[in-house]
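protein-v7.cif (mmCIF, N, CA and C atoms)
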```cif
data_upload
#
loop_
_atom_site.group_PDB
_atom_site.id
_atom_site.type_symbol
_atom_site.label_atom_id
_atom_site.label_comp_id
_atom_site.auth_asym_id
_atom_site.auth_seq_id
_atom_site.Cartn_x
_atom_site.Cartn_y
_atom_site.Cartn_z
ATOM 1 N N MET A 52 -21.147 -10.019 -16.244
ATOM 2 C CA MET A 52 -20.232 -10.158 -15.127
ATOM 3 C C MET A 52 -19.164 -9.056 -15.179
ATOM 4 N N MET A 53 -18.564 -8.870 -16.339
ATOM 5 C CA MET A 53 -17.521 -7.857 -16.489
ATOM 6 C C MET A 53 -18.091 -6.449 -16.299
ATOM 7 N N GLN A 54 -19.321 -6.237 -16.785
ATOM 8 C CA GLN A 54 -19.940 -4.928 -16.661
ATOM 9 C C GLN A 54 -20.259 -4.622 -15.193
ATOM 10 N N ALA A 55 -20.697 -5.593 -14.444
ATOM 11 C CA ALA A 55 -20.996 -5.379 -13.023
ATOM 12 C C ALA A 55 -19.735 -5.026 -12.254
ATOM 13 N N ARG A 56 -18.623 -5.664 -12.611
ATOM 14 C CA ARG A 56 -17.364 -5.359 -11.939
ATOM 15 C C ARG A 56 -16.918 -3.929 -12.262
ATOM 16 N N MET A 57 -17.118 -3.509 -13.525
ATOM 17 C CA MET A 57 -16.741 -2.151 -13.900
ATOM 18 C C MET A 57 -17.619 -1.130 -13.174
ATOM 19 N N ILE A 58 -18.898 -1.424 -13.030
ATOM 20 C CA ILE A 58 -19.805 -0.516 -12.319
ATOM 21 C C ILE A 58 -19.380 -0.393 -10.863
ATOM 22 N N ARG A 59 -19.042 -1.516 -10.228
ATOM 23 C CA ARG A 59 -18.575 -1.463 -8.836
ATOM 24 C C ARG A 59 -17.289 -0.658 -8.722
ATOM 25 N N ARG A 60 -16.391 -0.820 -9.683
ATOM 26 C CA ARG A 60 -15.132 -0.074 -9.648
ATOM 27 C C ARG A 60 -15.378 1.424 -9.802
ATOM 28 N N VAL A 61 -16.251 1.799 -10.720
ATOM 29 C CA VAL A 61 -16.577 3.218 -10.910
ATOM 30 C C VAL A 61 -17.231 3.788 -9.654
ATOM 31 N N LEU A 62 -18.155 3.043 -9.067
ATOM 32 C CA LEU A 62 -18.801 3.511 -7.835
ATOM 33 C C LEU A 62 -17.808 3.629 -6.679
ATOM 34 N N ALA A 63 -16.866 2.712 -6.613
ATOM 35 C CA ALA A 63 -15.841 2.790 -5.563
ATOM 36 C C ALA A 63 -14.981 4.030 -5.742
ATOM 37 N N TRP A 64 -14.579 4.309 -6.976
ATOM 38 C CA TRP A 64 -13.778 5.514 -7.233
ATOM 39 C C TRP A 64 -14.584 6.782 -6.950
ATOM 40 N N ALA A 65 -15.859 6.775 -7.294
ATOM 41 C CA ALA A 65 -16.707 7.932 -7.009
ATOM 42 C C ALA A 65 -16.837 8.147 -5.503
ATOM 43 N N ALA A 66 -17.016 7.070 -4.752
ATOM 44 C CA ALA A 66 -17.101 7.179 -3.297
ATOM 45 C C ALA A 66 -15.788 7.683 -2.714
ATOM 46 N N PHE A 67 -14.668 7.185 -3.241
ATOM 47 C CA PHE A 67 -13.362 7.666 -2.784
ATOM 48 C C PHE A 67 -13.193 9.151 -3.069
ATOM 49 N N ALA A 68 -13.573 9.587 -4.272
ATOM 50 C CA ALA A 68 -13.439 10.998 -4.641
ATOM 51 C C ALA A 68 -14.302 11.875 -3.747
ATOM 52 N N MET A 69 -15.520 11.429 -3.456
ATOM 53 C CA MET A 69 -16.394 12.212 -2.593
ATOM 54 C C MET A 69 -15.845 12.271 -1.168
ATOM 55 N N ALA A 70 -15.326 11.172 -0.665
ATOM 56 C CA ALA A 70 -14.744 11.162 0.677
ATOM 57 C C ALA A 70 -13.507 12.058 0.743
ATOM 58 N N ALA A 71 -12.664 11.998 -0.272
ATOM 59 C CA ALA A 71 -11.474 12.850 -0.302
ATOM 60 C C ALA A 71 -11.867 14.323 -0.379
ATOM 61 N N ASP A 72 -12.895 14.642 -1.157
ATOM 62 C CA ASP A 72 -13.377 16.017 -1.260
ATOM 63 C C ASP A 72 -13.863 16.519 0.091
ATOM 64 N N GLN A 73 -14.667 15.730 0.767
ATOM 65 C CA GLN A 73 -15.196 16.136 2.071
ATOM 66 C C GLN A 73 -14.079 16.245 3.114
ATOM 67 N N ALA A 74 -13.118 15.336 3.068
ATOM 68 C CA ALA A 74 -12.004 15.368 4.024
ATOM 69 C C ALA A 74 -11.157 16.617 3.840
ATOM 70 N N THR A 75 -10.874 16.984 2.598
ATOM 71 C CA THR A 75 -10.059 18.181 2.376
ATOM 72 C C THR A 75 -10.821 19.442 2.761
ATOM 73 N N LYS A 76 -12.126 19.468 2.522
ATOM 74 C CA LYS A 76 -12.918 20.628 2.947
ATOM 75 C C LYS A 76 -12.914 20.750 4.468
ATOM 76 N N TRP A 77 -13.077 19.621 5.157
ATOM 77 C CA TRP A 77 -13.044 19.639 6.615
ATOM 78 C C TRP A 77 -11.680 20.126 7.121
ATOM 79 N N LEU A 78 -10.617 19.647 6.508
ATOM 80 C CA LEU A 78 -9.270 20.047 6.905
ATOM 81 C C LEU A 78 -9.060 21.553 6.737
ATOM 82 N N ILE A 79 -9.472 22.092 5.608
ATOM 83 C CA ILE A 79 -9.327 23.526 5.370
ATOM 84 C C ILE A 79 -10.128 24.320 6.398
ATOM 85 N N LEU A 80 -11.379 23.915 6.644
ATOM 86 C CA LEU A 80 -12.244 24.671 7.553
ATOM 87 C C LEU A 80 -11.798 24.590 9.005
ATOM 88 N N THR A 81 -11.287 23.444 9.436
ATOM 89 C CA THR A 81 -10.999 23.267 10.863
ATOM 90 C C THR A 81 -9.535 23.454 11.242
ATOM 91 N N LYS A 82 -8.628 23.316 10.305
ATOM 92 C CA LYS A 82 -7.204 23.373 10.658
ATOM 93 C C LYS A 82 -6.448 24.522 9.990
ATOM 94 N N ILE A 83 -6.713 24.779 8.737
ATOM 95 C CA ILE A 83 -5.881 25.738 7.997
ATOM 96 C C ILE A 83 -6.416 27.161 8.074
ATOM 97 N N MET A 84 -7.719 27.329 7.938
ATOM 98 C CA MET A 84 -8.288 28.679 7.890
ATOM 99 C C MET A 84 -8.921 29.108 9.208
ATOM 100 N N VAL A 85 -8.462 28.574 10.324
ATOM 101 C CA VAL A 85 -8.977 28.972 11.635
ATOM 102 C C VAL A 85 -7.899 29.779 12.326
ATOM 103 N N PRO A 86 -8.107 30.989 12.761
ATOM 104 C CA PRO A 86 -9.276 31.812 12.475
ATOM 105 C C PRO A 86 -9.280 32.205 11.003
ATOM 106 N N PRO A 87 -10.436 32.680 10.478
ATOM 107 C CA PRO A 87 -10.446 33.069 9.059
ATOM 108 C C PRO A 87 -9.305 34.028 8.772
ATOM 109 N N ARG A 88 -8.532 33.692 7.792
ATOM 110 C CA ARG A 88 -7.360 34.501 7.496
ATOM 111 C C ARG A 88 -7.089 34.504 6.002
ATOM 112 N N ILE A 89 -6.130 35.334 5.619
ATOM 113 C CA ILE A 89 -5.693 35.423 4.232
ATOM 114 C C ILE A 89 -4.264 34.913 4.185
ATOM 115 N N ILE A 90 -4.000 33.976 3.314
ATOM 116 C CA ILE A 90 -2.660 33.424 3.148
ATOM 117 C C ILE A 90 -2.055 34.033 1.890
ATOM 118 N N GLU A 91 -1.010 34.820 2.066
ATOM 119 C CA GLU A 91 -0.377 35.494 0.927
ATOM 120 C C GLU A 91 0.609 34.535 0.265
ATOM 121 N N LEU A 92 0.354 34.200 -0.996
ATOM 122 C CA LEU A 92 1.252 33.337 -1.750
ATOM 123 C C LEU A 92 2.288 34.154 -2.506
ATOM 124 N N THR A 93 1.833 35.184 -3.164
ATOM 125 C CA THR A 93 2.708 36.120 -3.876
ATOM 126 C C THR A 93 2.134 37.510 -3.640
ATOM 127 N N PRO A 94 2.824 38.564 -4.055
ATOM 128 C CA PRO A 94 2.262 39.912 -3.856
ATOM 129 C C PRO A 94 0.925 40.127 -4.569
ATOM 130 N N PHE A 95 0.622 39.322 -5.564
ATOM 131 C CA PHE A 95 -0.621 39.516 -6.302
ATOM 132 C C PHE A 95 -1.596 38.338 -6.171
ATOM 133 N N LEU A 96 -1.262 37.324 -5.369
ATOM 134 C CA LEU A 96 -2.118 36.150 -5.248
ATOM 135 C C LEU A 96 -2.249 35.744 -3.783
ATOM 136 N N ASN A 97 -3.477 35.828 -3.265
ATOM 137 C CA ASN A 97 -3.767 35.448 -1.883
ATOM 138 C C ASN A 97 -4.826 34.359 -1.861
ATOM 139 N N LEU A 98 -4.750 33.510 -0.853
ATOM 140 C CA LEU A 98 -5.803 32.535 -0.606
ATOM 141 C C LEU A 98 -6.658 33.052 0.530
ATOM 142 N N ARG A 99 -7.961 33.015 0.334
ATOM 143 C CA ARG A 99 -8.884 33.403 1.385
ATOM 144 C C ARG A 99 -10.066 32.470 1.341
ATOM 145 N N LEU A 100 -10.684 32.283 2.497
ATOM 146 C CA LEU A 100 -11.835 31.404 2.597
ATOM 147 C C LEU A 100 -13.066 32.133 2.101
ATOM 148 N N GLY A 101 -13.794 31.486 1.222
ATOM 149 C CA GLY A 101 -15.037 32.043 0.708
ATOM 150 C C GLY A 101 -16.015 30.917 0.445
ATOM 151 N N PHE A 102 -17.281 31.227 0.517
ATOM 152 C CA PHE A 102 -18.317 30.235 0.282
ATOM 153 C C PHE A 102 -19.116 30.644 -0.939
ATOM 154 N N ASN A 103 -19.318 29.705 -1.831
ATOM 155 C CA ASN A 103 -20.080 29.956 -3.043
ATOM 156 C C ASN A 103 -21.409 29.228 -2.927
ATOM 157 N N TYR A 104 -22.406 29.930 -2.443
ATOM 158 C CA TYR A 104 -23.699 29.316 -2.215
ATOM 159 C C TYR A 104 -24.513 29.181 -3.503
ATOM 160 N N GLY A 105 -24.235 30.017 -4.489
ATOM 161 C CA GLY A 105 -25.057 30.024 -5.686
ATOM 162 C C GLY A 105 -24.507 29.205 -6.821
ATOM 163 N N VAL A 106 -23.354 28.646 -6.683
ATOM 164 C CA VAL A 106 -22.674 27.911 -7.739
ATOM 165 C C VAL A 106 -22.736 28.755 -8.997
ATOM 166 N N SER A 107 -22.999 28.169 -10.133
ATOM 167 C CA SER A 107 -22.989 28.948 -11.361
ATOM 168 C C SER A 107 -24.223 29.818 -11.507
ATOM 169 N N PHE A 108 -25.309 29.480 -10.812
ATOM 170 C CA PHE A 108 -26.501 30.297 -10.926
ATOM 171 C C PHE A 108 -26.325 31.639 -10.222
ATOM 172 N N GLY A 109 -25.386 31.735 -9.296
ATOM 173 C CA GLY A 109 -25.115 33.005 -8.652
ATOM 174 C C GLY A 109 -24.321 33.941 -9.540
ATOM 175 N N LEU A 110 -23.606 33.380 -10.497
ATOM 176 C CA LEU A 110 -22.807 34.177 -11.414
ATOM 177 C C LEU A 110 -23.724 34.943 -12.349
ATOM 178 N N GLY A 111 -23.664 36.237 -12.295
ATOM 179 C CA GLY A 111 -24.487 37.060 -13.165
ATOM 180 C C GLY A 111 -25.913 37.257 -12.690
ATOM 181 N N SER A 112 -26.247 36.748 -11.512
ATOM 182 C CA SER A 112 -27.628 36.881 -11.045
ATOM 183 C C SER A 112 -27.997 38.339 -10.766
ATOM 184 N N GLU A 113 -27.002 39.180 -10.468
ATOM 185 C CA GLU A 113 -27.312 40.591 -10.245
ATOM 186 C C GLU A 113 -27.820 41.248 -11.522
ATOM 187 N N TRP A 114 -27.446 40.705 -12.668
ATOM 188 C CA TRP A 114 -27.952 41.243 -13.941
ATOM 189 C C TRP A 114 -29.425 40.902 -14.124
ATOM 190 N N LEU A 115 -29.839 39.799 -13.530
ATOM 191 C CA LEU A 115 -31.205 39.333 -13.725
ATOM 192 C C LEU A 115 -32.109 39.612 -12.526
ATOM 193 N N GLU A 116 -31.669 40.458 -11.588
ATOM 194 C CA GLU A 116 -32.498 40.756 -10.420
ATOM 195 C C GLU A 116 -33.830 41.373 -10.810
ATOM 196 N N ALA A 117 -33.812 42.163 -11.872
ATOM 197 C CA ALA A 117 -35.050 42.803 -12.319
ATOM 198 C C ALA A 117 -35.993 41.798 -12.962
ATOM 199 N N TRP A 118 -35.464 40.668 -13.443
ATOM 200 C CA TRP A 118 -36.268 39.656 -14.110
ATOM 201 C C TRP A 118 -36.046 38.298 -13.458
ATOM 202 N N PRO A 119 -36.605 38.054 -12.281
ATOM 203 C CA PRO A 119 -36.400 36.762 -11.620
ATOM 204 C C PRO A 119 -36.970 35.594 -12.431
ATOM 205 N N GLU A 120 -37.986 35.889 -13.246
ATOM 206 C CA GLU A 120 -38.543 34.822 -14.089
ATOM 207 C C GLU A 120 -37.522 34.346 -15.118
ATOM 208 N N ALA A 121 -36.725 35.261 -15.637
ATOM 209 C CA ALA A 121 -35.701 34.883 -16.621
ATOM 210 C C ALA A 121 -34.656 33.988 -15.968
ATOM 211 N N LEU A 122 -34.270 34.304 -14.743
ATOM 212 C CA LEU A 122 -33.299 33.467 -14.034
ATOM 213 C C LEU A 122 -33.898 32.089 -13.736
ATOM 214 N N ALA A 123 -35.161 32.051 -13.350
ATOM 215 C CA ALA A 123 -35.823 30.770 -13.095
ATOM 216 C C ALA A 123 -35.903 29.944 -14.374
ATOM 217 N N LEU A 124 -36.172 30.580 -15.491
ATOM 218 C CA LEU A 124 -36.232 29.893 -16.774
ATOM 219 C C LEU A 124 -34.852 29.353 -17.158
ATOM 220 N N LEU A 125 -33.818 30.130 -16.927
ATOM 221 C CA LEU A 125 -32.451 29.681 -17.196
ATOM 222 C C LEU A 125 -32.112 28.453 -16.360
ATOM 223 N N LYS A 126 -32.493 28.465 -15.088
ATOM 224 C CA LYS A 126 -32.252 27.314 -14.212
ATOM 225 C C LYS A 126 -33.021 26.083 -14.694
ATOM 226 N N LEU A 127 -34.249 26.307 -15.142
ATOM 227 C CA LEU A 127 -35.068 25.209 -15.634
ATOM 228 C C LEU A 127 -34.429 24.579 -16.876
ATOM 229 N N PHE A 128 -33.969 25.408 -17.808
ATOM 230 C CA PHE A 128 -33.315 24.876 -19.018
ATOM 231 C C PHE A 128 -32.049 24.109 -18.657
ATOM 232 N N ALA A 129 -31.284 24.606 -17.687
ATOM 233 C CA ALA A 129 -30.066 23.906 -17.276
ATOM 234 C C ALA A 129 -30.398 22.567 -16.647
ATOM 235 N N ALA A 130 -31.417 22.526 -15.799
ATOM 236 C CA ALA A 130 -31.797 21.267 -15.148
ATOM 237 C C ALA A 130 -32.315 20.263 -16.166
ATOM 238 N N VAL A 131 -33.119 20.704 -17.109
ATOM 239 C CA VAL A 131 -33.632 19.805 -18.137
ATOM 240 C C VAL A 131 -32.489 19.311 -19.021
ATOM 241 N N GLY A 132 -31.561 20.199 -19.331
ATOM 242 C CA GLY A 132 -30.422 19.828 -20.161
ATOM 243 C C GLY A 132 -29.519 18.798 -19.501
ATOM 244 N N LEU A 133 -29.425 18.861 -18.177
ATOM 245 C CA LEU A 133 -28.580 17.905 -17.472
ATOM 246 C C LEU A 133 -29.296 16.593 -17.313
#
```
As structure tokens, please, write out the structure in this file.
Amino acid sequence: MMQARMIRRVLAWAAFAMAADQATKWLILTKIMVPPRIIELTPFLNLRLGFNYGVSFGLGSEWLEAWPEALALLKLFAAVGL
């Protein structure tokens, strides 16, 4: 009984976190960064809209362009590890 209540609580918090994440993304895309712009915070720090389609697999992928099999193997090991 206690474990089921804890599972429901964790799932509720996860649903809340996902909804809050999606809401803030929608707000940024539709209200703050329209039209696409750069927000200067300091002389050396700006906010700009960017999309990261590759997540961590995009990081360093230019090094592995010559060996796509190595990148596929790296992705496979990461998926199995998770």
| Residues picked by the PyMOL selection byres ((chain A and resi 89) around 6.5) here, as a list in words? |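 Applied to this file, the PyMOL selection byres ((chain A and resi 89) around 6.5) selects Pro87, Arg88, Ile90, Glu91, Asn97, Leu98, Arg99 and Leu100 of chain A.
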| remark: Between atom CA of A:Lys76 and atom N of A:Gly101 lies a distance of 11.0 Å
| task | Go through chain A and collect every residue that DSSP, computed from the backbone, puts in alpha helix (DSSP H); the answer should be as a ChimeraX atom specification. | result | /A:53-78,106-109,119-132
| Hey, can you check how far atom N of A:Phe128 sits from atom CA of A:Ala66? |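 Between these atoms lies a distance of 28.8 Å.
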| Atom pair atom C of A:Leu92 / atom N of A:Ala71: separation (Å) | 26.8 Å
| said: Please return, as number ranges by chain, all residues of chain A that DSSP assigns to strand (DSSP E) on the basis of the backbone. | reply: A: 89-93, 96-99
Can you write out as a tab-separated table which residues of stretch 62-95 of chain A fall within 12 Å of stretch 54-58 of chain A, alongside each residue's closest atom pair and its distance in Å to one decimal, counting only C-alpha atoms and ordering rows by chain and ascending residue number?
```
residue	atom	partner	partner_atom	distance
A:Leu62	CA	A:Ile58	CA	6.1
A:Ala63	CA	A:Ile58	CA	8.5
A:Trp64	CA	A:Ile58	CA	9.9
A:Ala65	CA	A:Ile58	CA	10.4
```
